[in-house]
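Undergrad: Structure: upload-v1.csv, CSV, C-alpha atoms.
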chain,number,residue,atom,x,y,z
M,1,MET,CA,0.0,0.0,0.0
M,2,PHE,CA,2.9,2.4,0.7
M,3,LYS,CA,5.4,2.9,-2.1
M,4,ASN,CA,7.8,5.5,-0.9
M,5,ILE,CA,8.5,6.0,2.8
M,6,LEU,CA,10.1,9.2,4.1
M,7,VAL,CA,12.4,8.7,7.1
M,8,PRO,CA,13.7,11.8,8.8
M,9,THR,CA,16.7,11.2,10.9
M,10,ASP,CA,18.7,13.3,13.4
M,11,GLY,CA,21.2,10.7,14.5
M,12,SER,CA,19.4,10.0,17.8
M,13,ALA,CA,18.9,6.5,19.1
M,14,MET,CA,15.1,6.9,18.7
M,15,SER,CA,15.4,8.0,15.1
M,16,ARG,CA,17.7,5.0,14.5
M,17,ARG,CA,14.9,2.7,15.8
M,18,ALA,CA,12.3,4.5,13.6
M,19,LEU,CA,14.6,3.9,10.7
M,20,GLY,CA,14.8,0.2,11.5
M,21,ARG,CA,11.0,0.0,11.5
M,22,ALA,CA,10.7,1.9,8.3
M,23,VAL,CA,13.2,-0.4,6.5
M,24,ARG,CA,11.3,-3.5,7.7
M,25,LEU,CA,8.0,-2.1,6.6
M,26,ALA,CA,9.4,-1.0,3.2
M,27,LYS,CA,10.8,-4.5,2.7
M,28,GLU,CA,7.4,-6.0,3.3
M,29,GLN,CA,5.6,-3.5,1.1
M,30,LYS,CA,8.3,-3.7,-1.6
M,31,ALA,CA,8.6,0.0,-1.2
M,32,ARG,CA,11.6,2.4,-1.3
M,33,ILE,CA,12.7,4.7,1.5
M,34,THR,CA,13.8,8.3,1.3
M,35,GLY,CA,16.2,9.2,4.1
M,36,LEU,CA,16.2,12.9,5.1
M,37,TRP,CA,18.6,14.8,7.3
M,38,VAL,CA,17.9,18.5,8.1
M,39,GLY,CA,20.9,20.5,9.4
M,40,PRO,CA,21.0,24.0,10.8
M,41,VAL,CA,21.7,27.2,8.7
M,42,TRP,CA,25.0,29.0,9.1
M,43,GLN,CA,24.8,31.9,11.5
M,44,PRO,CA,27.7,34.1,12.5
M,45,THR,CA,28.1,34.5,16.2
M,46,LEU,CA,28.1,38.1,16.6
M,47,TYR,CA,30.2,39.6,19.4
M,48,ALA,CA,30.9,43.2,18.8
M,49,TYR,CA,34.2,44.1,20.2
M,50,ASP,CA,37.2,45.8,18.6
M,51,GLU,CA,35.8,45.0,15.1
M,52,SER,CA,38.2,42.0,15.2
M,53,VAL,CA,37.0,38.5,14.5
M,54,PRO,CA,35.4,37.1,17.6
M,55,ALA,CA,36.6,33.9,19.1
M,56,GLY,CA,34.5,30.9,18.1
M,57,PHE,CA,33.8,32.3,14.7
M,58,ILE,CA,33.4,29.6,12.0
M,59,SER,CA,33.3,30.6,8.4
M,60,PRO,CA,30.5,29.6,6.1
M,61,ARG,CA,32.9,27.4,4.2
M,62,GLN,CA,34.1,25.6,7.4
M,63,PHE,CA,30.5,25.3,8.5
M,64,ALA,CA,29.4,23.8,5.1
M,65,ALA,CA,32.2,21.3,5.3
M,66,SER,CA,31.2,20.1,8.8
M,67,ILE,CA,27.6,19.9,7.7
M,68,ARG,CA,28.5,17.8,4.7
M,69,LYS,CA,30.4,15.4,7.0
M,70,ILE,CA,27.6,15.1,9.5
M,71,ALA,CA,25.0,14.6,6.8
M,72,ALA,CA,27.1,11.9,5.1
M,73,ARG,CA,27.4,10.1,8.4
M,74,GLN,CA,23.7,10.3,9.4
M,75,LEU,CA,22.4,9.4,6.0
M,76,GLY,CA,25.1,6.7,5.6
M,77,ALA,CA,23.5,4.9,8.4
M,78,ALA,CA,20.1,5.0,6.5
M,79,ARG,CA,21.7,3.8,3.3
M,80,LYS,CA,23.4,0.9,5.1
M,81,ALA,CA,20.2,-0.2,6.8
M,82,ALA,CA,18.3,-0.1,3.6
M,83,ALA,CA,21.0,-1.9,1.6
M,84,ALA,CA,21.2,-4.7,4.2
M,85,ALA,CA,17.5,-5.3,3.7
M,86,GLY,CA,17.6,-4.9,0.0
M,87,VAL,CA,15.4,-1.8,0.0
M,88,PRO,CA,16.0,0.9,-2.6
M,89,CYS,CA,17.0,4.1,-0.9
M,90,ARG,CA,17.5,7.7,-1.8
M,91,VAL,CA,19.1,10.1,0.7
M,92,VAL,CA,18.5,13.9,0.9
M,93,SER,CA,20.1,16.5,3.1
M,94,VAL,CA,18.8,20.0,3.5
M,95,GLN,CA,19.5,23.0,5.7
M,96,ASN,CA,16.8,24.8,7.6
M,97,ASN,CA,16.4,25.9,11.2
M,98,PHE,CA,12.9,24.5,11.2
M,99,PRO,CA,13.3,20.8,10.3
M,100,HIS,CA,9.5,20.1,10.4
M,101,MET,CA,9.0,22.4,7.4
M,102,GLU,CA,11.6,20.5,5.4
M,103,ILE,CA,10.1,17.1,6.4
M,104,VAL,CA,6.6,18.1,5.2
M,105,LYS,CA,8.1,19.6,2.0
M,106,ALA,CA,10.2,16.6,1.3
M,107,ALA,CA,7.2,14.3,1.5
M,108,ARG,CA,5.6,16.3,-1.3
M,109,ARG,CA,8.7,16.9,-3.3
M,110,HIS,CA,9.8,13.2,-3.3
M,111,ARG,CA,6.2,11.9,-3.6
M,112,CYS,CA,6.4,9.9,-0.4
M,113,ASP,CA,3.1,8.4,0.8
M,114,LEU,CA,4.1,7.8,4.4
M,115,ILE,CA,6.4,9.4,6.9
M,116,VAL,CA,7.9,7.2,9.6
M,117,MET,CA,9.6,9.2,12.5
M,118,ALA,CA,10.5,9.0,16.1
M,119,SER,CA,8.3,10.6,18.7
M,120,HIS,CA,11.3,12.5,20.1
M,121,GLY,CA,14.6,13.6,18.7
M,122,ARG,CA,18.0,14.5,20.2
M,123,ARG,CA,16.6,16.5,23.1
M,124,GLY,CA,15.1,13.3,24.4
M,125,ILE,CA,12.0,12.2,26.2
M,126,SER,CA,12.3,13.9,29.6
M,127,ARG,CA,11.2,17.4,28.7
M,128,LEU,CA,8.3,17.1,26.3
M,129,LEU,CA,5.4,14.7,25.9
M,130,LEU,CA,5.9,14.7,22.2
M,131,GLY,CA,8.9,16.1,20.4
M,132,SER,CA,8.6,19.6,18.9
M,133,GLN,CA,9.4,18.6,15.3
M,134,THR,CA,7.2,15.5,15.4
M,135,SER,CA,4.3,17.6,16.7
M,136,MET,CA,4.7,20.0,13.9
M,137,VAL,CA,5.0,17.3,11.3
M,138,LEU,CA,1.8,15.7,12.6
M,139,ALA,CA,0.1,19.0,12.3
M,140,TYR,CA,1.1,19.9,8.8
M,141,ALA,CA,1.8,16.7,6.9
M,142,THR,CA,-0.5,15.8,4.1
M,143,VAL,CA,0.3,12.1,4.2
M,144,PRO,CA,-0.1,9.6,7.1
M,145,VAL,CA,2.6,9.8,9.8
M,146,MET,CA,3.8,6.8,11.8
M,147,VAL,CA,5.2,7.8,15.1
M,148,CYS,CA,7.6,5.4,16.8
M,149,ARG,CA,9.1,5.4,20.3
B,150,MET,CA,4.3,-10.4,8.3
B,151,TYR,CA,5.6,-7.4,10.1
B,152,TYR,CA,2.4,-6.0,11.6
B,153,LYS,CA,0.0,-8.7,12.6
B,154,HIS,CA,-2.7,-7.0,14.6
B,155,ILE,CA,-3.9,-3.4,14.2
B,156,MET,CA,-6.0,-1.5,16.7
B,157,LEU,CA,-8.4,1.0,15.0
B,158,PRO,CA,-10.0,3.5,17.3
B,159,VAL,CA,-13.1,5.2,15.7
B,160,ASP,CA,-15.5,7.8,16.9
B,161,GLY,CA,-18.1,8.0,14.1
B,162,THR,CA,-16.7,11.0,12.4
B,163,GLU,CA,-15.8,11.4,8.7
B,164,LEU,CA,-12.1,11.4,9.4
B,165,ALA,CA,-12.5,8.2,11.4
B,166,ARG,CA,-14.2,6.7,8.4
B,167,LYS,CA,-11.2,7.7,6.3
B,168,ALA,CA,-8.8,6.1,8.9
B,169,GLU,CA,-11.0,3.0,8.7
B,170,LYS,CA,-10.7,2.8,4.9
B,171,GLU,CA,-6.9,3.2,5.0
B,172,CYS,CA,-6.6,0.7,7.8
B,173,ILE,CA,-8.5,-2.0,6.0
B,174,ALA,CA,-6.6,-1.4,2.8
B,175,PHE,CA,-3.3,-1.6,4.7
B,176,ALA,CA,-4.3,-4.6,6.7
B,177,LYS,CA,-5.4,-6.4,3.5
B,178,SER,CA,-2.0,-5.6,1.9
B,179,ILE,CA,-0.1,-7.2,4.8
B,180,GLY,CA,-2.5,-9.9,5.9
B,181,ALA,CA,-3.0,-8.4,9.3
B,182,LYS,CA,-6.1,-8.5,11.4
B,183,VAL,CA,-7.9,-5.5,12.8
B,184,THR,CA,-9.7,-4.8,16.1
B,185,ALA,CA,-11.9,-1.7,15.9
B,186,ILE,CA,-12.7,0.1,19.2
B,187,HIS,CA,-15.1,2.8,20.2
B,188,VAL,CA,-14.9,4.4,23.6
B,189,VAL,CA,-18.2,5.7,25.1
B,190,SER,CA,-17.6,8.4,27.7
B,191,HIS,CA,-19.3,8.1,31.1
B,192,PHE,CA,-22.2,10.4,31.2
B,193,HIS,CA,-21.8,12.7,34.2
B,194,LEU,CA,-24.8,14.6,35.3
B,195,HIS,CA,-24.1,17.8,37.0
B,196,PHE,CA,-27.2,18.6,39.0
B,197,GLN,CA,-27.3,20.5,42.3
B,198,PRO,CA,-27.3,17.6,44.8
B,199,TRP,CA,-30.5,18.7,46.4
B,200,ALA,CA,-32.4,19.1,43.1
B,201,ALA,CA,-32.9,15.4,42.6
B,202,PRO,CA,-32.1,12.2,44.5
B,203,ARG,CA,-28.9,10.3,43.8
B,204,SER,CA,-30.9,7.4,42.4
B,205,VAL,CA,-32.3,9.6,39.7
B,206,HIS,CA,-28.8,10.7,38.6
B,207,THR,CA,-27.6,7.1,38.4
B,208,LYS,CA,-30.7,6.0,36.5
B,209,ILE,CA,-30.3,8.7,33.8
B,210,GLU,CA,-26.5,8.2,33.5
B,211,LYS,CA,-27.0,4.5,33.1
B,212,GLU,CA,-29.7,4.9,30.5
B,213,HIS,CA,-27.5,7.2,28.5
B,214,GLU,CA,-24.5,4.9,28.6
B,215,GLU,CA,-26.7,2.0,27.6
B,216,GLU,CA,-28.2,3.8,24.7
B,217,ALA,CA,-24.8,5.3,23.6
B,218,GLY,CA,-23.4,1.8,23.9
B,219,GLU,CA,-26.1,0.3,21.6
B,220,ILE,CA,-25.5,3.0,19.0
B,221,ALA,CA,-21.8,2.4,19.2
B,222,GLN,CA,-22.3,-1.4,18.9
B,223,LYS,CA,-24.3,-0.9,15.7
B,224,MET,CA,-21.6,1.3,14.3
B,225,ILE,CA,-18.8,-1.1,15.2
B,226,SER,CA,-20.8,-4.1,13.8
B,227,ALA,CA,-21.2,-2.3,10.5
B,228,LEU,CA,-17.5,-1.6,10.4
B,229,THR,CA,-16.5,-5.2,11.1
B,230,MET,CA,-18.9,-6.3,8.3
B,231,ARG,CA,-17.3,-3.9,5.9
B,232,ALA,CA,-13.9,-5.2,6.8
B,233,LYS,CA,-14.9,-8.8,6.4
B,234,ALA,CA,-16.5,-8.1,3.0
B,235,ASP,CA,-13.1,-6.8,2.0
B,236,GLY,CA,-11.4,-10.0,3.2
B,237,VAL,CA,-9.9,-8.6,6.3
B,238,GLU,CA,-10.3,-10.4,9.7
B,239,CYS,CA,-11.8,-7.9,12.0
B,240,ASP,CA,-13.5,-7.8,15.4
B,241,GLY,CA,-15.0,-4.9,17.3
B,242,LEU,CA,-15.1,-3.5,20.8
B,243,VAL,CA,-17.2,-0.9,22.6
B,244,VAL,CA,-15.8,0.2,26.0
B,245,VAL,CA,-17.2,2.7,28.4
B,246,GLY,CA,-14.6,5.0,30.0
B,247,ASP,CA,-13.7,8.5,30.8
B,248,HIS,CA,-10.4,8.6,29.1
B,249,PRO,CA,-10.6,7.3,25.5
B,250,TYR,CA,-6.8,7.2,25.2
B,251,GLU,CA,-6.5,5.0,28.3
B,252,GLU,CA,-9.1,2.5,27.1
B,253,ILE,CA,-7.5,2.4,23.6
B,254,ILE,CA,-4.1,1.7,24.9
B,255,ASN,CA,-5.2,-0.9,27.5
B,256,SER,CA,-7.1,-2.8,24.9
B,257,ALA,CA,-4.3,-2.6,22.4
B,258,GLU,CA,-1.8,-3.9,24.9
B,259,ALA,CA,-4.1,-6.6,26.2
B,260,ARG,CA,-4.6,-7.9,22.7
B,261,LYS,CA,-0.9,-7.5,21.9
B,262,CYS,CA,-1.6,-5.2,19.0
B,263,ASP,CA,1.6,-4.1,17.2
B,264,LEU,CA,0.2,-1.0,15.6
B,265,ILE,CA,-2.5,1.6,16.4
B,266,MET,CA,-3.9,3.4,13.4
B,267,MET,CA,-6.1,6.4,14.0
B,268,ALA,CA,-7.4,9.7,12.7
B,269,SER,CA,-5.5,12.9,13.5
B,270,HIS,CA,-8.6,14.7,14.8
B,271,GLY,CA,-11.8,13.7,16.5
B,272,ARG,CA,-15.2,15.2,17.0
B,273,ARG,CA,-14.1,18.7,17.7
B,274,GLY,CA,-12.7,18.9,14.2
B,275,LEU,CA,-9.7,20.2,12.3
B,276,ASP,CA,-10.2,23.9,12.9
B,277,ALA,CA,-9.5,24.2,16.6
B,278,VAL,CA,-6.2,22.4,17.0
B,279,LEU,CA,-3.3,21.3,15.1
B,280,LEU,CA,-3.7,17.7,16.4
B,281,GLY,CA,-6.6,16.1,18.2
B,282,SER,CA,-6.2,15.8,22.0
B,283,GLU,CA,-7.0,12.1,22.3
B,284,THR,CA,-4.6,11.3,19.4
B,285,VAL,CA,-1.8,13.2,21.2
B,286,LYS,CA,-2.6,11.3,24.4
B,287,VAL,CA,-2.5,7.9,22.7
B,288,LEU,CA,0.8,8.9,21.1
B,289,THR,CA,2.5,9.9,24.3
B,290,HIS,CA,1.4,7.1,26.5
B,291,THR,CA,2.2,4.0,24.5
B,292,LYS,CA,5.3,2.3,23.1
B,293,ILE,CA,3.2,0.8,20.3
B,294,PRO,CA,3.8,2.7,17.1
B,295,VAL,CA,0.9,4.9,16.0
B,296,LEU,CA,0.0,5.6,12.4
B,297,VAL,CA,-1.8,8.9,12.2
B,298,VAL,CA,-4.2,9.4,9.3
B,299,ARG,CA,-5.1,12.9,8.1
Represent the structure of the file as structure tokens.
TA:
Amino acid sequence: MFKNILVPTDGSAMSRRALGRAVRLAKEQKARITGLWVGPVWQPTLYAYDESVPAGFISPRQFAASIRKIAARQLGAARKAAAAAGVPCRVVSVQNNFPHMEIVKAARRHRCDLIVMASHGRRGISRLLLGSQTSMVLAYATVPVMVCR
Amino acid sequence: MYYKHIMLPVDGTELARKAEKECIAFAKSIGAKVTAIHVVSHFHLHFQPWAAPRSVHTKIEKEHEEEAGEIAQKMISALTMRAKADGVECDGLVVVGDHPYEEIINSAEARKCDLIMMASHGRRGLDAVLLGSETVKVLTHTKIPVLVVR
């Protein structure tokens, strides 16, 4: 019934478990998965003293390089899990300070018919009943969303 | 088969009907069985205690619950018949309780369901909130994955 499952991942243990479930479901449905990683947007840290470059400044180029590395690592895990199960997989990385927006957009852009994601992300379970990004995806998605813990 | 037994909470709304259709289609595609559940809320009368004797309260509350239960039973039976007509093994459950999410989760866990599939919103509709309150409560109180249908 589902042909293309979108799996957002942020590297947390919970998102890894959601990935496992998504891959098993995709295998059974003979579907493909689309792995998605959303990273932050470069922002200069602005300390105004002396007009000299403040400590802790990271250039856009350095930032982009570290983003590429992290994306490759996170999405590499998705690729590996899919390959082990024989499930076709495409990976996408995007930058946006509001991951939920990219998740909803990606489902449309890549014609996914299901989103499988963890109930919570990196910040973990203790503070919120339901993770902030998962809540927003549930509110704005136009396809069914499977929430895993 | 990955998912073997799906719990389908319904409340009689259009969106629940959509969740039902998608659930049946999904169950059919993976050979899973479905248990549909409707939770009837306790009917609490709020009279001034001196306006009528306790026995009258209890009688009215009980009558309401019985009637609501009968209507719910009819709805659930119609649902299970539709499922069976589509070749999906399906049974139904009507439970009376004050907290739908609690009854849904207890029933799902008792029956060892491995997936809960439900609508994103209930009777109060899409306009008021981004995600229905009972759906949020089910999501946050169970380890069973929940597939939310919009």
Undergrad: Show me which bits of chain M are within 9 Å of chain B, counting all atoms listed in the file, as an mmCIF file with C-alpha atoms, keeping the file's coordinate frame.
TA:
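See selection_10.cif below for the written result:
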data_model
loop_
_atom_site.group_PDB
_atom_site.id
_atom_site.type_symbol
_atom_site.label_atom_id
_atom_site.label_comp_id
_atom_site.auth_asym_id
_atom_site.auth_seq_id
_atom_site.Cartn_x
_atom_site.Cartn_y
_atom_site.Cartn_z
ATOM 1 C CA MET M 1 0.000 0.000 0.000
ATOM 2 C CA PHE M 2 2.900 2.400 0.700
ATOM 3 C CA ARG M 24 11.300 -3.500 7.700
ATOM 4 C CA LEU M 25 8.000 -2.100 6.600
ATOM 5 C CA GLU M 28 7.400 -6.000 3.300
ATOM 6 C CA GLN M 29 5.600 -3.500 1.100
ATOM 7 C CA VAL M 116 7.900 7.200 9.600
ATOM 8 C CA SER M 119 8.300 10.600 18.700
ATOM 9 C CA LEU M 129 5.400 14.700 25.900
ATOM 10 C CA LEU M 130 5.900 14.700 22.200
ATOM 11 C CA SER M 135 4.300 17.600 16.700
ATOM 12 C CA MET M 136 4.700 20.000 13.900
ATOM 13 C CA LEU M 138 1.800 15.700 12.600
ATOM 14 C CA ALA M 139 0.100 19.000 12.300
ATOM 15 C CA TYR M 140 1.100 19.900 8.800
ATOM 16 C CA ALA M 141 1.800 16.700 6.900
ATOM 17 C CA THR M 142 -0.500 15.800 4.100
ATOM 18 C CA VAL M 143 0.300 12.100 4.200
ATOM 19 C CA PRO M 144 -0.100 9.600 7.100
ATOM 20 C CA VAL M 145 2.600 9.800 9.800
ATOM 21 C CA MET M 146 3.800 6.800 11.800
ATOM 22 C CA VAL M 147 5.200 7.800 15.100
ATOM 23 C CA CYS M 148 7.600 5.400 16.800
ATOM 24 C CA ARG M 149 9.100 5.400 20.300
#
Undergrad: Here is a test: counting all atoms listed in the file, which residue of M:Lys3, M:Lys105, M:Lys27, M:Arg32 is nearest to Val137 in chain M?
TA: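 The shortest atom-to-atom distance to Val137 in chain M comes from M:Lys105.
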Undergrad: Expressed in Å to a single decimal, how great is the separation between CA of Val183 in chain B and CA of His154 in chain B?
TA: 5.7 Å
Undergrad: Which residues come within 12 Å of Arg108 in chain M, counting only C-alpha atoms, excluding same-chain residues fewer than 4 positions away, as a ChimeraX atom specification?
TA: /M:4-6,34,101-104,112-115,140-143
Undergrad: Env of Val287 in chain B: 8 Å cut, atoms = all atoms listed in the file, seq-sep filter 3 positions within chain, self excluded. Answer as a tab-separated table (two decimals) with C-alpha atoms, keeping the file's coordinate frame.
TA:
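The file below, out.tsv, is the result:
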chain	number	residue	atom	x	y	z
B	250	TYR	CA	-6.80	7.20	25.20
B	251	GLU	CA	-6.50	5.00	28.30
B	253	ILE	CA	-7.50	2.40	23.60
B	254	ILE	CA	-4.10	1.70	24.90
B	283	GLU	CA	-7.00	12.10	22.30
B	284	THR	CA	-4.60	11.30	19.40
B	290	HIS	CA	1.40	7.10	26.50
B	291	THR	CA	2.20	4.00	24.50
Undergrad: B:Pro202, B:Gly271, B:Gly246, B:Gly241: which is nearest Thr184 in chain B, counting only C-alpha atoms?
TA: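 Ranked by minimum distance to Thr184 in chain B, first place goes to B:Gly241.
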